Amino acid sequence: MRLTRNEAIAATGARLLEPEGLPQRLGFSTDTRSLEPGDVFVALRGERFDGHDYIAEAVARGAVGCVVECAKVVPAGLPALVVDNVTHAYLALGAVVRRHAHASVVAVTGSAGKTTTKALLAQILERTQSGRVVATPANENNEIGVAKLLLGMQDDTAYLVVEFGARHFGEIETLARAARPDVGVITNIGEAHLGLIGSPERLVETKWGIFATGARPVLDRADASLRARIARGQSKPAMWFDVRESEPAPLSGRGERELVLVGRERLDLHATGAQTQRYSARFDLPGDHNRRNVAAAAAAAIELGIEPETVAGALAGLELPKGRYERITLGDFDVIYDAYNASMSGTLATLGSFAREPGMRRIAVLGSMAELGDESPRLHERVGEAAAQAKLDALLVGGEFAQDLAAGARAGGLAPARIVPFENNAEATAWLRAHVRAGDLVLLKASRRYKLEEILDELRAAHA
């Protein structure tokens, strides 16, 4: 969507260079490779790049102006919007588009499961609603990703499913004030990026920023932190989601509702003072922990106003995003690749599902988790203990906190002979190739920085 020149100037507070050269309506691009003639180039800065270095290339490709922090790098005669922070300006431009949009917006955040929940919700909407459904691609969930998603909305967008991530205190409120979601989903609180945000309390505050502009809450009933925060009465009545095998628990809050996924065949919708409504629902996603992600997505769809029976019927055939509990057959054994990323709560959930998977032997390859701060050793020990409880036949541990994973596994009762440290992915691959037998099931789980897909690729090549 294009903005008027005056809207862009007002949103960013920019100082103008050569303003008479700017068109009356502006489109924006951050990538010279996809920039279209007539666009304004936004010179973002990152850890490994500086868009200011690509202004000349942008002009050569047809840019009619740029958004910059440093006026000195602007070629003579090129219109420019000079701002204090290009990233903040980019998000501010996206916020203008959101104000014009007629789409229903739902935001999803949480320490684990947010990308999967986002993807499942988008699929439900695509199957049940008319109009364009747009969702955050991959996990582009920071200021830049949210701004790009907002600026890319078309007039016919009916639903926008946006993922919010946070690596700093208060960051989600900033995203919420730009995207202004109608519904906000918190999959869980957990401990992701605890080392960067500072404390569990600050983590709760940061996640709660999703409701800064009045979004209706969709929350995990099993999360004590969310129940405690709702009890303080600082939001609209919640739509809860849960996974249980029994009747829904009583609701205490006025106007609250709860959606419970019972097994893999029923949705129960319970409201304060009303009789439980039951809907047949079947789906076939691997991993028991993904039942909670399905429940979250279904609850969000119902909170958006879609009939529960329609939502229940849309669950059949849902698909997980790539790299999330993805089961791959390699010759006579299987691999579960779940290493797109890893938080502690997500890893515990994955191990719990893996423990219930059929297989001659279960072998887990666990790399370390990132950005957990001073709590890293203790949290890795806890994961090691959970690995021991999963009754593994072998546990390979690697990464910065491999010793803590191993210590936790030993404390949990796993025999030391079954614990195999590895220094790199090549070493882990060699061990697997030498020891995996027919009928075995191998789990690959670690934070993205450890690139466990290298192990999967090597195993695939060996069994091509």
# chains A, B, ... in the order shown; residues from 1 in each chain; ligands from 1
$ select_by_dssp --residues "region 256-374 of chain A" --states "strand (DSSP E or B)" --output "ChimeraX atom specification"
/A:257-262,266-271,277-280,326-330,333-337,362-366
$ write_last_selection --atoms "C-alpha atoms" --output "mmCIF file, in the first residue's frame"
data_model
loop_
_atom_site.group_PDB
_atom_site.id
_atom_site.type_symbol
_atom_site.label_atom_id
_atom_site.label_comp_id
_atom_site.auth_asym_id
_atom_site.auth_seq_id
_atom_site.Cartn_x
_atom_site.Cartn_y
_atom_site.Cartn_z
ATOM 1 C CA ARG A 257 -14.846 -18.544 27.659
ATOM 2 C CA GLU A 258 -12.667 -21.613 27.313
ATOM 3 C CA LEU A 259 -11.987 -23.871 24.355
ATOM 4 C CA VAL A 260 -10.709 -27.325 25.258
ATOM 5 C CA LEU A 261 -9.268 -29.764 22.752
ATOM 6 C CA VAL A 262 -10.275 -33.224 23.946
ATOM 7 C CA ARG A 266 -13.454 -33.010 19.923
ATOM 8 C CA LEU A 267 -13.601 -29.303 20.774
ATOM 9 C CA ASP A 268 -15.492 -28.290 23.917
ATOM 10 C CA LEU A 269 -16.505 -24.635 24.217
ATOM 11 C CA HIS A 270 -17.458 -23.509 27.694
ATOM 12 C CA ALA A 271 -18.704 -20.076 28.751
ATOM 13 C CA GLN A 277 -20.976 -26.995 23.533
ATOM 14 C CA ARG A 278 -19.239 -29.934 21.856
ATOM 15 C CA TYR A 279 -17.987 -30.156 18.279
ATOM 16 C CA SER A 280 -16.461 -33.094 16.455
ATOM 17 C CA GLU A 326 8.976 -32.697 10.861
ATOM 18 C CA ARG A 327 9.165 -36.491 10.465
ATOM 19 C CA ILE A 328 11.434 -37.716 7.679
ATOM 20 C CA THR A 329 12.049 -41.320 6.639
ATOM 21 C CA LEU A 330 15.664 -42.062 5.720
ATOM 22 C CA PHE A 333 14.884 -45.316 10.198
ATOM 23 C CA ASP A 334 13.097 -42.023 10.834
ATOM 24 C CA VAL A 335 14.276 -38.565 11.903
ATOM 25 C CA ILE A 336 12.171 -35.955 13.669
ATOM 26 C CA TYR A 337 13.661 -32.582 12.791
ATOM 27 C CA ARG A 362 14.824 -43.535 20.528
ATOM 28 C CA ILE A 363 17.946 -41.400 20.063
ATOM 29 C CA ALA A 364 17.958 -37.669 20.777
ATOM 30 C CA VAL A 365 20.511 -35.163 19.498
ATOM 31 C CA LEU A 366 20.246 -32.056 21.668
#
$ select_by_dssp --residues "region 219-404 of chain A" --states "helix (DSSP H, G or I)" --output "VMD selection string"
chain A and resid 224 to 231 290 to 303 308 to 313 344 to 355 373 to 389 402 to 404
$ write_last_selection --atoms "C-alpha atoms" --output "PDB file, in the first residue's frame"
ATOM      1  CA  ALA A 224       0.062 -19.939  35.879  1.00  0.00           C
ATOM      2  CA  SER A 225       1.634 -16.581  34.976  1.00  0.00           C
ATOM      3  CA  LEU A 226      -1.210 -15.778  32.595  1.00  0.00           C
ATOM      4  CA  ARG A 227      -3.878 -16.836  35.089  1.00  0.00           C
ATOM      5  CA  ALA A 228      -2.279 -14.621  37.737  1.00  0.00           C
ATOM      6  CA  ARG A 229      -2.114 -11.636  35.409  1.00  0.00           C
ATOM      7  CA  ILE A 230      -5.760 -11.989  34.346  1.00  0.00           C
ATOM      8  CA  ALA A 231      -6.748 -12.219  38.016  1.00  0.00           C
ATOM      9  CA  ASN A 290       1.134 -29.586  18.905  1.00  0.00           C
ATOM     10  CA  ARG A 291      -2.359 -30.261  20.252  1.00  0.00           C
ATOM     11  CA  ARG A 292      -1.954 -27.123  22.372  1.00  0.00           C
ATOM     12  CA  ASN A 293      -0.955 -25.110  19.297  1.00  0.00           C
ATOM     13  CA  VAL A 294      -4.064 -26.383  17.500  1.00  0.00           C
ATOM     14  CA  ALA A 295      -6.210 -25.378  20.494  1.00  0.00           C
ATOM     15  CA  ALA A 296      -4.660 -21.893  20.508  1.00  0.00           C
ATOM     16  CA  ALA A 297      -5.280 -21.390  16.798  1.00  0.00           C
ATOM     17  CA  ALA A 298      -8.865 -22.668  17.036  1.00  0.00           C
ATOM     18  CA  ALA A 299      -9.607 -20.428  20.030  1.00  0.00           C
ATOM     19  CA  ALA A 300      -8.240 -17.391  18.193  1.00  0.00           C
ATOM     20  CA  ALA A 301     -10.397 -18.157  15.155  1.00  0.00           C
ATOM     21  CA  ILE A 302     -13.499 -18.386  17.343  1.00  0.00           C
ATOM     22  CA  GLU A 303     -12.556 -15.123  19.094  1.00  0.00           C
ATOM     23  CA  PRO A 308     -17.029 -23.007  16.389  1.00  0.00           C
ATOM     24  CA  GLU A 309     -18.485 -25.761  14.211  1.00  0.00           C
ATOM     25  CA  THR A 310     -16.821 -24.208  11.162  1.00  0.00           C
ATOM     26  CA  VAL A 311     -13.488 -23.998  12.992  1.00  0.00           C
ATOM     27  CA  ALA A 312     -13.754 -27.611  14.129  1.00  0.00           C
ATOM     28  CA  GLY A 313     -14.347 -28.776  10.574  1.00  0.00           C
ATOM     29  CA  MET A 344      13.295 -24.591  27.285  1.00  0.00           C
ATOM     30  CA  SER A 345       9.515 -24.933  27.369  1.00  0.00           C
ATOM     31  CA  GLY A 346       9.482 -25.877  23.688  1.00  0.00           C
ATOM     32  CA  THR A 347      12.245 -28.447  24.158  1.00  0.00           C
ATOM     33  CA  LEU A 348      10.483 -30.000  27.145  1.00  0.00           C
ATOM     34  CA  ALA A 349       7.286 -30.269  25.098  1.00  0.00           C
ATOM     35  CA  THR A 350       9.165 -31.847  22.192  1.00  0.00           C
ATOM     36  CA  LEU A 351      10.854 -34.386  24.475  1.00  0.00           C
ATOM     37  CA  GLY A 352       7.493 -35.256  26.008  1.00  0.00           C
ATOM     38  CA  SER A 353       6.047 -35.973  22.571  1.00  0.00           C
ATOM     39  CA  PHE A 354       9.179 -37.839  21.473  1.00  0.00           C
ATOM     40  CA  ALA A 355       8.942 -40.131  24.512  1.00  0.00           C
ATOM     41  CA  GLY A 373      21.298 -15.601  30.648  1.00  0.00           C
ATOM     42  CA  ASP A 374      22.532 -16.625  34.090  1.00  0.00           C
ATOM     43  CA  GLU A 375      19.854 -19.310  34.262  1.00  0.00           C
ATOM     44  CA  SER A 376      21.341 -21.200  31.302  1.00  0.00           C
ATOM     45  CA  PRO A 377      23.164 -23.949  33.253  1.00  0.00           C
ATOM     46  CA  ARG A 378      20.147 -24.710  35.461  1.00  0.00           C
ATOM     47  CA  LEU A 379      17.676 -24.702  32.562  1.00  0.00           C
ATOM     48  CA  HIS A 380      19.892 -26.983  30.487  1.00  0.00           C
ATOM     49  CA  GLU A 381      20.160 -29.376  33.425  1.00  0.00           C
ATOM     50  CA  ARG A 382      16.372 -29.426  33.577  1.00  0.00           C
ATOM     51  CA  VAL A 383      16.202 -30.334  29.894  1.00  0.00           C
ATOM     52  CA  GLY A 384      18.771 -33.074  30.501  1.00  0.00           C
ATOM     53  CA  GLU A 385      16.595 -34.495  33.269  1.00  0.00           C
ATOM     54  CA  ALA A 386      13.603 -34.478  30.943  1.00  0.00           C
ATOM     55  CA  ALA A 387      15.660 -36.301  28.319  1.00  0.00           C
ATOM     56  CA  ALA A 388      16.430 -38.997  30.895  1.00  0.00           C
ATOM     57  CA  GLN A 389      12.735 -39.342  31.704  1.00  0.00           C
ATOM     58  CA  ALA A 402      26.500 -29.674  26.595  1.00  0.00           C
ATOM     59  CA  GLN A 403      28.016 -30.427  30.006  1.00  0.00           C
ATOM     60  CA  ASP A 404      24.901 -29.129  31.747  1.00  0.00           C
TER      61      ASP A 404
END
$ atom_distance --atom1 "CA of Glu7 (chain A)" --atom2 "CA of His100 (chain A)"
11.3 Å
$ closest_residue --among "A:Leu175, A:Ala112, A:Leu22, A:Ala461" --to "Thr206 (chain A)" --atoms "only C-alpha atoms"
A:Leu175
$ closest_residue --among "A:Leu372, A:Ala147, A:Ala339, A:Ala426" --to "Ser199 (chain A)" --atoms "only C-alpha atoms"
A:Leu372
$ atom_distance --atom1 "CA of Asp155 (chain A)" --atom2 "CA of Gly13 (chain A)"
25.7 Å
$ residues_around --residues "Thr115 (chain A)" --least-positions-apart "2" --cutoff "10 Å" --atoms "only C-alpha atoms" --output "list of chain:residue names"
A:Val108, A:Thr109, A:Gly110, A:Ala112, A:Gly113, A:Thr117, A:Lys118, A:Ala119, A:Leu120, A:Leu121, A:Thr136, A:Pro137, A:Ala138, A:Asn139, A:Glu140, A:Asn141, A:Val162, A:Glu163, A:Phe164, A:Gly165, A:Thr187, A:Asn293, A:Leu320, A:Pro321, A:Arg324
$ decode --residues "region 375-419 of chain A" --atoms "C-alpha atoms" --output "compact mmCIF listing (two decimals), in the first residue's frame"
# COMPACT_ATOMS: atom_id res chain seq x y z
CA GLU A 375 19.85 -19.31 34.26
CA SER A 376 21.34 -21.20 31.30
CA PRO A 377 23.16 -23.95 33.25
CA ARG A 378 20.15 -24.71 35.46
CA LEU A 379 17.68 -24.70 32.56
CA HIS A 380 19.89 -26.98 30.49
CA GLU A 381 20.16 -29.38 33.42
CA ARG A 382 16.37 -29.43 33.58
CA VAL A 383 16.20 -30.33 29.89
CA GLY A 384 18.77 -33.07 30.50
CA GLU A 385 16.59 -34.49 33.27
CA ALA A 386 13.60 -34.48 30.94
CA ALA A 387 15.66 -36.30 28.32
CA ALA A 388 16.43 -39.00 30.90
CA GLN A 389 12.73 -39.34 31.70
CA ALA A 390 12.03 -39.84 28.00
CA LYS A 391 13.75 -43.23 28.33
CA LEU A 392 16.21 -42.62 25.54
CA ASP A 393 18.49 -45.32 24.27
CA ALA A 394 21.12 -42.66 23.52
CA LEU A 395 21.48 -38.92 24.10
CA LEU A 396 23.93 -36.84 22.08
CA VAL A 397 24.68 -33.45 23.65
CA GLY A 398 26.43 -30.51 22.04
CA GLY A 399 26.84 -26.76 22.10
CA GLU A 400 27.91 -24.33 24.78
CA PHE A 401 25.94 -26.04 27.55
CA ALA A 402 26.50 -29.67 26.60
CA GLN A 403 28.02 -30.43 30.01
CA ASP A 404 24.90 -29.13 31.75
CA LEU A 405 22.65 -31.22 29.52
CA ALA A 406 24.75 -34.25 30.35
CA ALA A 407 24.74 -33.48 34.08
CA GLY A 408 20.97 -33.17 34.10
CA ALA A 409 20.58 -36.45 32.21
CA ARG A 410 22.82 -38.26 34.69
CA ALA A 411 20.89 -36.75 37.60
CA GLY A 412 17.68 -37.94 35.95
CA GLY A 413 18.96 -41.51 35.88
CA LEU A 414 20.27 -41.91 32.34
CA ALA A 415 23.29 -44.19 32.34
CA PRO A 416 26.51 -42.28 31.54
CA ALA A 417 27.32 -44.81 28.82
CA ARG A 418 24.24 -43.64 26.92
CA ILE A 419 25.31 -39.98 26.94
